[in-house]
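Novice: Contents are PDB, C-alpha atoms, pLDDT in the B column; file name protein-v1.pdb:
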```
ATOM      1  CA  ARG A   1      77.670  83.260  79.192  1.00 64.00           C
ATOM      2  CA  LYS A   2      78.023  86.976  79.832  1.00 73.00           C
ATOM      3  CA  GLU A   3      76.365  89.313  77.362  1.00 87.00           C
ATOM      4  CA  VAL A   4      79.621  90.860  76.221  1.00 92.00           C
ATOM      5  CA  GLU A   5      83.014  89.554  77.223  1.00 94.00           C
ATOM      6  CA  GLN A   6      86.488  90.886  76.743  1.00 95.00           C
ATOM      7  CA  ASP A   7      89.856  89.711  77.959  1.00 94.00           C
ATOM      8  CA  PRO A   8      90.781  92.406  80.503  1.00 93.00           C
ATOM      9  CA  GLY A   9      94.503  92.101  79.732  1.00 92.00           C
ATOM     10  CA  PRO A  10      96.763  93.891  80.102  1.00 95.00           C
ATOM     11  CA  PHE A  11      98.301  93.192  76.753  1.00 95.00           C
ATOM     12  CA  ASN A  12     101.919  94.340  76.896  1.00 96.00           C
ATOM     13  CA  VAL A  13     103.123  94.767  73.349  1.00 96.00           C
ATOM     14  CA  PRO A  14     106.376  96.218  71.984  1.00 97.00           C
ATOM     15  CA  GLU A  15     106.124  99.286  69.819  1.00 97.00           C
ATOM     16  CA  GLY A  16     105.735  98.416  66.159  1.00 97.00           C
ATOM     17  CA  ALA A  17     104.137  95.061  66.784  1.00 97.00           C
ATOM     18  CA  THR A  18     100.684  93.943  65.704  1.00 97.00           C
ATOM     19  CA  VAL A  19      98.103  93.201  68.364  1.00 96.00           C
ATOM     20  CA  ALA A  20      94.602  91.847  68.148  1.00 96.00           C
ATOM     21  CA  PHE A  21      91.857  91.288  70.644  1.00 92.00           C
ATOM     22  CA  ASN A  22      88.354  89.943  70.494  1.00 95.00           C
ATOM     23  CA  CYS A  23      85.023  90.611  72.069  1.00 96.00           C
ATOM     24  CA  THR A  24      82.363  87.914  72.267  1.00 96.00           C
ATOM     25  CA  TYR A  25      78.663  88.540  72.585  1.00 94.00           C
ATOM     26  CA  SER A  26      75.796  86.262  73.545  1.00 90.00           C
ATOM     27  CA  ASN A  27      72.796  87.794  71.763  1.00 87.00           C
ATOM     28  CA  SER A  28      72.714  86.490  68.220  1.00 87.00           C
ATOM     29  CA  ALA A  29      70.161  89.175  67.315  1.00 85.00           C
ATOM     30  CA  SER A  30      72.626  91.989  68.018  1.00 87.00           C
ATOM     31  CA  GLN A  31      72.630  94.538  65.239  1.00 85.00           C
ATOM     32  CA  SER A  32      75.382  97.103  65.734  1.00 89.00           C
ATOM     33  CA  PHE A  33      78.924  96.872  66.955  1.00 93.00           C
ATOM     34  CA  PHE A  34      81.513  99.436  67.889  1.00 95.00           C
ATOM     35  CA  TRP A  35      84.973  99.794  69.348  1.00 97.00           C
ATOM     36  CA  TYR A  36      85.669 102.628  71.762  1.00 97.00           C
ATOM     37  CA  ARG A  37      88.950 103.782  73.180  1.00 97.00           C
ATOM     38  CA  GLN A  38      89.320 105.091  76.711  1.00 97.00           C
ATOM     39  CA  ASP A  39      92.455 106.738  78.018  1.00 96.00           C
ATOM     40  CA  CYS A  40      93.186 106.745  81.723  1.00 93.00           C
ATOM     41  CA  ARG A  41      90.803 109.062  83.587  1.00 90.00           C
ATOM     42  CA  LYS A  42      89.183 110.189  80.350  1.00 95.00           C
ATOM     43  CA  GLU A  43      85.881 109.564  78.658  1.00 96.00           C
ATOM     44  CA  PRO A  44      85.372 106.755  76.138  1.00 96.00           C
ATOM     45  CA  LYS A  45      85.669 107.887  72.538  1.00 96.00           C
ATOM     46  CA  LEU A  46      84.387 106.134  69.449  1.00 95.00           C
ATOM     47  CA  LEU A  47      87.229 104.443  67.618  1.00 96.00           C
ATOM     48  CA  MET A  48      85.332 102.755  64.841  1.00 95.00           C
ATOM     49  CA  SER A  49      82.142 101.042  63.890  1.00 92.00           C
ATOM     50  CA  VAL A  50      82.253  97.376  62.935  1.00 94.00           C
ATOM     51  CA  TYR A  51      80.533  96.398  59.731  1.00 86.00           C
ATOM     52  CA  SER A  52      79.590  92.948  58.516  1.00 87.00           C
ATOM     53  CA  SER A  53      82.076  93.257  55.679  1.00 89.00           C
ATOM     54  CA  GLY A  54      84.806  94.424  58.021  1.00 88.00           C
ATOM     55  CA  ASN A  55      86.358  97.845  57.915  1.00 93.00           C
ATOM     56  CA  GLU A  56      89.734  99.438  58.078  1.00 95.00           C
ATOM     57  CA  ASP A  57      90.883 102.841  59.253  1.00 94.00           C
ATOM     58  CA  GLY A  58      94.583 103.358  58.862  1.00 96.00           C
ATOM     59  CA  ARG A  59      96.372 100.938  61.177  1.00 97.00           C
ATOM     60  CA  PHE A  60      93.115  99.694  62.664  1.00 97.00           C
ATOM     61  CA  THR A  61      90.969  96.890  61.293  1.00 97.00           C
ATOM     62  CA  ALA A  62      87.689  95.757  62.788  1.00 97.00           C
ATOM     63  CA  GLN A  63      85.874  92.589  61.847  1.00 96.00           C
ATOM     64  CA  LEU A  64      82.625  90.897  62.721  1.00 96.00           C
ATOM     65  CA  ASN A  65      82.098  87.162  62.848  1.00 95.00           C
ATOM     66  CA  ARG A  66      78.384  86.561  63.254  1.00 94.00           C
ATOM     67  CA  ALA A  67      78.642  82.786  63.108  1.00 94.00           C
ATOM     68  CA  SER A  68      80.948  82.687  66.123  1.00 95.00           C
ATOM     69  CA  GLN A  69      79.490  85.840  67.664  1.00 95.00           C
ATOM     70  CA  TYR A  70      82.564  87.920  68.146  1.00 95.00           C
ATOM     71  CA  ILE A  71      84.120  91.123  66.911  1.00 96.00           C
ATOM     72  CA  SER A  72      87.805  91.781  66.657  1.00 97.00           C
ATOM     73  CA  LEU A  73      90.159  94.736  66.577  1.00 97.00           C
ATOM     74  CA  LEU A  74      93.564  94.534  64.955  1.00 97.00           C
ATOM     75  CA  ILE A  75      96.172  97.234  65.441  1.00 97.00           C
ATOM     76  CA  ARG A  76      99.170  97.169  63.143  1.00 98.00           C
ATOM     77  CA  ASP A  77     102.486  98.963  63.679  1.00 98.00           C
ATOM     78  CA  SER A  78     101.458  99.867  67.214  1.00 97.00           C
ATOM     79  CA  LYS A  79     102.441 103.245  68.629  1.00 97.00           C
ATOM     80  CA  LEU A  80     103.039 104.319  72.204  1.00 97.00           C
ATOM     81  CA  SER A  81      99.946 106.500  71.862  1.00 97.00           C
ATOM     82  CA  ASP A  82      97.826 103.390  71.294  1.00 98.00           C
ATOM     83  CA  SER A  83      98.142 102.568  74.982  1.00 98.00           C
ATOM     84  CA  ALA A  84      94.599 102.718  76.312  1.00 97.00           C
ATOM     85  CA  THR A  85      91.640 100.576  77.262  1.00 97.00           C
ATOM     86  CA  TYR A  86      89.552  99.351  74.342  1.00 97.00           C
ATOM     87  CA  LEU A  87      85.856  98.821  74.940  1.00 97.00           C
ATOM     88  CA  CYS A  88      83.562  96.897  72.676  1.00 96.00           C
ATOM     89  CA  VAL A  89      79.924  97.885  72.440  1.00 94.00           C
ATOM     90  CA  VAL A  90      77.144  95.677  71.195  1.00 92.00           C
ATOM     91  CA  ILE A  91      73.701  97.028  70.438  1.00 87.00           C
ATOM     92  CA  GLY A  92      70.668  94.797  70.049  1.00 77.00           C
ATOM     93  CA  ALA A  93      68.008  97.288  69.075  1.00 59.00           C
ATOM     94  CA  LEU A  94      69.181 100.808  68.427  1.00 51.00           C
ATOM     95  CA  ASN A  95      69.091 103.034  71.466  1.00 47.00           C
ATOM     96  CA  ARG A  96      67.160 100.818  73.801  1.00 52.00           C
ATOM     97  CA  ASP A  97      68.768 101.006  77.204  1.00 51.00           C
ATOM     98  CA  ASP A  98      68.810  97.295  77.819  1.00 51.00           C
ATOM     99  CA  LYS A  99      70.348  96.635  74.440  1.00 71.00           C
ATOM    100  CA  ILE A 100      73.446  98.834  74.580  1.00 84.00           C
ATOM    101  CA  ILE A 101      75.978  96.571  76.180  1.00 88.00           C
ATOM    102  CA  PHE A 102      79.521  97.628  77.009  1.00 92.00           C
ATOM    103  CA  GLY A 103      82.336  95.212  77.529  1.00 94.00           C
ATOM    104  CA  LYS A 104      84.552  95.901  80.523  1.00 94.00           C
ATOM    105  CA  GLY A 105      87.470  96.679  78.284  1.00 95.00           C
ATOM    106  CA  THR A 106      90.866  95.339  77.321  1.00 96.00           C
ATOM    107  CA  ARG A 107      93.888  97.228  78.558  1.00 96.00           C
ATOM    108  CA  LEU A 108      96.705  97.669  76.087  1.00 97.00           C
ATOM    109  CA  HIS A 109     100.210  98.829  77.013  1.00 97.00           C
ATOM    110  CA  ILE A 110     102.594  99.590  74.195  1.00 97.00           C
ATOM    111  CA  LEU A 111     106.175  99.213  75.384  1.00 97.00           C
ATOM    112  CA  PRO A 112     109.014 101.373  74.008  1.00 95.00           C
TER     113      PRO A 112
ATOM    114  CA  ASP B   1      84.092 116.699  69.086  1.00 59.00           C
ATOM    115  CA  ALA B   2      80.439 116.485  70.064  1.00 64.00           C
ATOM    116  CA  GLY B   3      79.198 119.459  72.057  1.00 92.00           C
ATOM    117  CA  ILE B   4      78.545 117.883  75.418  1.00 97.00           C
ATOM    118  CA  THR B   5      79.554 119.284  78.769  1.00 97.00           C
ATOM    119  CA  GLN B   6      79.129 118.014  82.292  1.00 98.00           C
ATOM    120  CA  SER B   7      79.093 119.989  85.504  1.00 97.00           C
ATOM    121  CA  PRO B   8      80.485 119.914  88.036  1.00 97.00           C
ATOM    122  CA  ARG B   9      83.571 118.009  86.919  1.00 97.00           C
ATOM    123  CA  HIS B  10      84.599 117.258  90.477  1.00 97.00           C
ATOM    124  CA  LYS B  11      82.575 117.217  93.658  1.00 97.00           C
ATOM    125  CA  VAL B  12      83.164 116.090  97.212  1.00 97.00           C
ATOM    126  CA  THR B  13      80.132 115.822  99.427  1.00 97.00           C
ATOM    127  CA  GLU B  14      78.976 114.187 102.617  1.00 97.00           C
ATOM    128  CA  THR B  15      76.706 111.220 103.091  1.00 97.00           C
ATOM    129  CA  GLY B  16      73.060 112.195 103.130  1.00 97.00           C
ATOM    130  CA  THR B  17      73.358 115.376 101.119  1.00 96.00           C
ATOM    131  CA  PRO B  18      71.603 115.855  97.771  1.00 96.00           C
ATOM    132  CA  VAL B  19      73.718 116.124  94.641  1.00 97.00           C
ATOM    133  CA  THR B  20      72.769 117.129  91.113  1.00 98.00           C
ATOM    134  CA  LEU B  21      74.937 116.554  88.082  1.00 98.00           C
ATOM    135  CA  ARG B  22      74.176 118.376  84.865  1.00 98.00           C
ATOM    136  CA  CYS B  23      74.700 117.286  81.301  1.00 98.00           C
ATOM    137  CA  HIS B  24      74.338 119.865  78.549  1.00 98.00           C
ATOM    138  CA  GLN B  25      74.475 119.202  74.803  1.00 97.00           C
ATOM    139  CA  THR B  26      74.501 121.492  71.808  1.00 96.00           C
ATOM    140  CA  GLU B  27      73.991 118.716  69.220  1.00 93.00           C
ATOM    141  CA  ASN B  28      70.202 118.424  69.482  1.00 93.00           C
ATOM    142  CA  HIS B  29      70.555 114.651  69.854  1.00 93.00           C
ATOM    143  CA  ARG B  30      67.459 112.812  70.890  1.00 92.00           C
ATOM    144  CA  TYR B  31      68.959 110.308  73.317  1.00 92.00           C
ATOM    145  CA  MET B  32      70.853 111.120  76.496  1.00 95.00           C
ATOM    146  CA  TYR B  33      72.300 108.709  79.025  1.00 95.00           C
ATOM    147  CA  TRP B  34      73.879 108.693  82.444  1.00 97.00           C
ATOM    148  CA  TYR B  35      76.457 106.016  83.193  1.00 96.00           C
ATOM    149  CA  ARG B  36      78.663 105.345  86.145  1.00 97.00           C
ATOM    150  CA  GLN B  37      82.048 103.706  85.854  1.00 96.00           C
ATOM    151  CA  ASP B  38      83.719 101.833  88.658  1.00 94.00           C
ATOM    152  CA  PRO B  39      86.784  99.576  88.712  1.00 88.00           C
ATOM    153  CA  GLY B  40      85.830  96.008  87.935  1.00 84.00           C
ATOM    154  CA  HIS B  41      82.362  96.933  86.716  1.00 86.00           C
ATOM    155  CA  GLY B  42      82.902  98.912  83.576  1.00 87.00           C
ATOM    156  CA  LEU B  43      80.224 101.315  82.408  1.00 93.00           C
ATOM    157  CA  ARG B  44      76.791 100.785  83.880  1.00 93.00           C
ATOM    158  CA  LEU B  45      73.669 102.573  82.750  1.00 92.00           C
ATOM    159  CA  ILE B  46      71.807 104.528  85.418  1.00 95.00           C
ATOM    160  CA  HIS B  47      69.028 106.236  83.458  1.00 95.00           C
ATOM    161  CA  TYR B  48      68.436 107.326  79.932  1.00 93.00           C
ATOM    162  CA  SER B  49      66.148 109.691  78.058  1.00 94.00           C
ATOM    163  CA  TYR B  50      64.620 109.361  74.622  1.00 91.00           C
ATOM    164  CA  GLY B  51      63.078 112.813  74.513  1.00 91.00           C
ATOM    165  CA  VAL B  52      61.938 115.767  76.585  1.00 94.00           C
ATOM    166  CA  LYS B  53      60.250 114.438  79.730  1.00 93.00           C
ATOM    167  CA  ASP B  54      60.731 110.875  78.476  1.00 94.00           C
ATOM    168  CA  THR B  55      63.075 108.903  80.689  1.00 94.00           C
ATOM    169  CA  ASP B  56      63.583 105.315  81.738  1.00 92.00           C
ATOM    170  CA  LYS B  57      65.640 103.310  84.190  1.00 92.00           C
ATOM    171  CA  GLY B  58      68.871 101.524  83.496  1.00 90.00           C
ATOM    172  CA  GLU B  59      70.454  98.630  85.345  1.00 88.00           C
ATOM    173  CA  VAL B  60      71.628 100.617  88.415  1.00 94.00           C
ATOM    174  CA  SER B  61      68.910 103.232  88.890  1.00 95.00           C
ATOM    175  CA  ASP B  62      68.256 102.791  92.636  1.00 96.00           C
ATOM    176  CA  GLY B  63      69.101 105.975  94.535  1.00 96.00           C
ATOM    177  CA  TYR B  64      69.090 108.124  91.396  1.00 97.00           C
ATOM    178  CA  SER B  65      66.511 110.241  89.629  1.00 97.00           C
ATOM    179  CA  VAL B  66      66.692 112.191  86.391  1.00 97.00           C
ATOM    180  CA  SER B  67      64.899 114.967  84.625  1.00 97.00           C
ATOM    181  CA  ARG B  68      64.905 116.298  81.101  1.00 97.00           C
ATOM    182  CA  SER B  69      62.868 119.458  80.712  1.00 96.00           C
ATOM    183  CA  LYS B  70      64.727 120.626  77.614  1.00 96.00           C
ATOM    184  CA  THR B  71      66.352 118.761  74.759  1.00 95.00           C
ATOM    185  CA  GLU B  72      69.775 120.044  75.702  1.00 97.00           C
ATOM    186  CA  ASP B  73      69.799 119.318  79.431  1.00 97.00           C
ATOM    187  CA  PHE B  74      69.709 116.043  81.329  1.00 98.00           C
ATOM    188  CA  LEU B  75      70.032 116.198  85.106  1.00 98.00           C
ATOM    189  CA  LEU B  76      71.032 113.369  87.408  1.00 98.00           C
ATOM    190  CA  THR B  77      70.067 113.731  91.062  1.00 98.00           C
ATOM    191  CA  LEU B  78      71.209 111.763  94.060  1.00 97.00           C
ATOM    192  CA  GLU B  79      68.544 112.576  96.630  1.00 93.00           C
ATOM    193  CA  SER B  80      70.651 111.429  99.559  1.00 96.00           C
ATOM    194  CA  ALA B  81      74.187 110.536  98.575  1.00 97.00           C
ATOM    195  CA  THR B  82      75.814 107.404  99.971  1.00 97.00           C
ATOM    196  CA  SER B  83      79.430 106.284  99.914  1.00 97.00           C
ATOM    197  CA  SER B  84      78.525 103.557  97.408  1.00 96.00           C
ATOM    198  CA  GLN B  85      77.699 106.322  94.940  1.00 98.00           C
ATOM    199  CA  THR B  86      81.296 107.489  94.874  1.00 97.00           C
ATOM    200  CA  SER B  87      82.124 107.033  91.230  1.00 97.00           C
ATOM    201  CA  VAL B  88      82.870 108.660  87.917  1.00 97.00           C
ATOM    202  CA  TYR B  89      79.686 109.640  86.126  1.00 98.00           C
ATOM    203  CA  PHE B  90      79.546 109.968  82.373  1.00 98.00           C
ATOM    204  CA  CYS B  91      76.817 111.525  80.322  1.00 97.00           C
ATOM    205  CA  ALA B  92      76.422 110.389  76.724  1.00 96.00           C
ATOM    206  CA  ILE B  93      74.324 111.444  73.767  1.00 95.00           C
ATOM    207  CA  SER B  94      73.333 109.700  70.577  1.00 91.00           C
ATOM    208  CA  GLU B  95      71.091 109.800  67.571  1.00 85.00           C
ATOM    209  CA  ASP B  96      69.646 106.828  65.771  1.00 72.00           C
ATOM    210  CA  THR B  97      73.041 105.684  64.520  1.00 70.00           C
ATOM    211  CA  GLY B  98      73.737 104.096  67.868  1.00 75.00           C
ATOM    212  CA  GLU B  99      77.091 105.853  68.238  1.00 88.00           C
ATOM    213  CA  LEU B 100      77.537 107.351  71.669  1.00 92.00           C
ATOM    214  CA  PHE B 101      79.399 110.573  72.416  1.00 94.00           C
ATOM    215  CA  PHE B 102      80.502 111.036  75.983  1.00 96.00           C
ATOM    216  CA  GLY B 103      81.070 114.016  78.187  1.00 97.00           C
ATOM    217  CA  GLU B 104      84.342 114.351  80.058  1.00 97.00           C
ATOM    218  CA  GLY B 105      82.924 112.868  83.218  1.00 97.00           C
ATOM    219  CA  SER B 106      82.063 114.042  86.715  1.00 98.00           C
ATOM    220  CA  ARG B 107      84.091 112.619  89.560  1.00 97.00           C
ATOM    221  CA  LEU B 108      81.973 112.373  92.713  1.00 98.00           C
ATOM    222  CA  THR B 109      83.311 111.507  96.140  1.00 97.00           C
ATOM    223  CA  VAL B 110      80.858 110.881  98.961  1.00 97.00           C
ATOM    224  CA  LEU B 111      82.489 110.933 102.393  1.00 96.00           C
TER     225      LEU B 111
END
```
For this file, write the structure as structure tokens.

Specialist:
Amino acid sequence: RKEVEQDPGPFNVPEGATVAFNCTYSNSASQSFFWYRQDCRKEPKLLMSVYSSGNEDGRFTAQLNRASQYISLLIRDSKLSDSATYLCVVIGALNRDDKIIFGKGTRLHILP
Amino acid sequence: DAGITQSPRHKVTETGTPVTLRCHQTENHRYMYWYRQDPGHGLRLIHYSYGVKDTDKGEVSDGYSVSRSKTEDFLLTLESATSSQTSVYFCAISEDTGELFFGEGSRLTVL
């Protein structure tokens, strides 16, 4: 099993729809989880942290399922501007190089 | 946005020449990283630093060296560039929260 896995997509979703994607991780001792967004030919930018209790930021909801070892990102009422690649990041021990693991990303296309 | 700049943003060079990429931060963050991003591979860590003169290797460090003589600057050097090092290079910074802030990237082409 790969350390962090994401469905590469692309997810083609009509504007206004709800879309969700998951990220699985193999290290059960992982401590911190994040979602990043990366636009084409741009740098990744932090979208949101993922807390054990789940968290919501506007149209975005992130959840952590430790038992099944995955995190999820839900986007409601999707906008054209949500089109991007979404990267999950799993950190085992804070700021150790071999513990910051990036997924390869899930591409999302919002269709007008 | 975090104060992090990379230079140069674009560079074309020839095989065998040395190349240095610079990452400069104004946030006084302790940790600095160099990643490369290639299609099909995602982000891969080259080297990282956890303080002035404290650096360590990442998963793809062969052919690269780094230096950090000041908190704000982290240099990545390709001693003798090869075509396989054509890539987009991202610098990132973080504190103990684990959240990474990335520079805008340096696009390197080795002919």

Novice: Compile the contact shell of Phe102 (chain B) as an NGL selection string: residues with an atom at most 12 Å away, counting all atoms listed in the file, same-chain residues fewer than 6 positions apart removed.

Specialist: (:A and (36-38 or 42-46)) or (:B and (1-6 or 23-25 or 31-36 or 43 or 89-94))

Novice: Near chain B, meaning an atom within 12 Å, which residues of chain A appear when counting all atoms listed in the file? Write them as a CSV table (one decimal) with C-alpha atoms, in the coordinates of the input.

Specialist:
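And here is the file that came out, part-v8.csv:
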```
chain,number,residue,atom,x,y,z
A,4,VAL,CA,79.6,90.9,76.2
A,5,GLU,CA,83.0,89.6,77.2
A,6,GLN,CA,86.5,90.9,76.7
A,8,PRO,CA,90.8,92.4,80.5
A,31,GLN,CA,72.6,94.5,65.2
A,32,SER,CA,75.4,97.1,65.7
A,33,PHE,CA,78.9,96.9,67.0
A,34,PHE,CA,81.5,99.4,67.9
A,35,TRP,CA,85.0,99.8,69.3
A,36,TYR,CA,85.7,102.6,71.8
A,37,ARG,CA,89.0,103.8,73.2
A,38,GLN,CA,89.3,105.1,76.7
A,39,ASP,CA,92.5,106.7,78.0
A,40,CYS,CA,93.2,106.7,81.7
A,41,ARG,CA,90.8,109.1,83.6
A,42,LYS,CA,89.2,110.2,80.4
A,43,GLU,CA,85.9,109.6,78.7
A,44,PRO,CA,85.4,106.8,76.1
A,45,LYS,CA,85.7,107.9,72.5
A,46,LEU,CA,84.4,106.1,69.4
A,47,LEU,CA,87.2,104.4,67.6
A,48,MET,CA,85.3,102.8,64.8
A,49,SER,CA,82.1,101.0,63.9
A,50,VAL,CA,82.3,97.4,62.9
A,85,THR,CA,91.6,100.6,77.3
A,86,TYR,CA,89.6,99.4,74.3
A,87,LEU,CA,85.9,98.8,74.9
A,88,CYS,CA,83.6,96.9,72.7
A,89,VAL,CA,79.9,97.9,72.4
A,90,VAL,CA,77.1,95.7,71.2
A,91,ILE,CA,73.7,97.0,70.4
A,92,GLY,CA,70.7,94.8,70.0
A,93,ALA,CA,68.0,97.3,69.1
A,94,LEU,CA,69.2,100.8,68.4
A,95,ASN,CA,69.1,103.0,71.5
A,96,ARG,CA,67.2,100.8,73.8
A,97,ASP,CA,68.8,101.0,77.2
A,98,ASP,CA,68.8,97.3,77.8
A,99,LYS,CA,70.3,96.6,74.4
A,100,ILE,CA,73.4,98.8,74.6
A,101,ILE,CA,76.0,96.6,76.2
A,102,PHE,CA,79.5,97.6,77.0
A,103,GLY,CA,82.3,95.2,77.5
A,104,LYS,CA,84.6,95.9,80.5
A,105,GLY,CA,87.5,96.7,78.3
A,106,THR,CA,90.9,95.3,77.3
```

Novice: Axis-aligned box over every listed atom of region 94-110 of chain B, padded by 8 Å per side: centre and edges in Å to one decimal, as AutoDock Vina command-line options?

Specialist:
```
--center_x 77.0 --center_y 109.2 --center_z 81.7 --size_x 30.7 --size_y 26.3 --size_z 50.4
```

Novice: Report the residues retrieved by the PyMOL selection byres ((chain A and resi 70-73) around 7) from the displayed file, expressed as an NGL selection string.

Specialist: :A and (20-25 or 60-66 or 68-69 or 74-75)

Novice: Near Ala81 (chain B), counting all atoms listed in the file, which residues have an atom at most 9 Å away, once you skip same-chain residues fewer than 6 positions from it, shown as a VMD selection string?

Specialist: chain B and resid 13 to 19 63 110

Novice: Show me, as a list in words, the residues that have an atom within 7 Å of Arg76 (chain A) when counting only C-alpha atoms, minus same-chain residues fewer than 2 positions from it.

Specialist: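 Returned residues: Ala17, Thr18, Val19, Arg59, Phe60, Leu74 and Ser78 of chain A.
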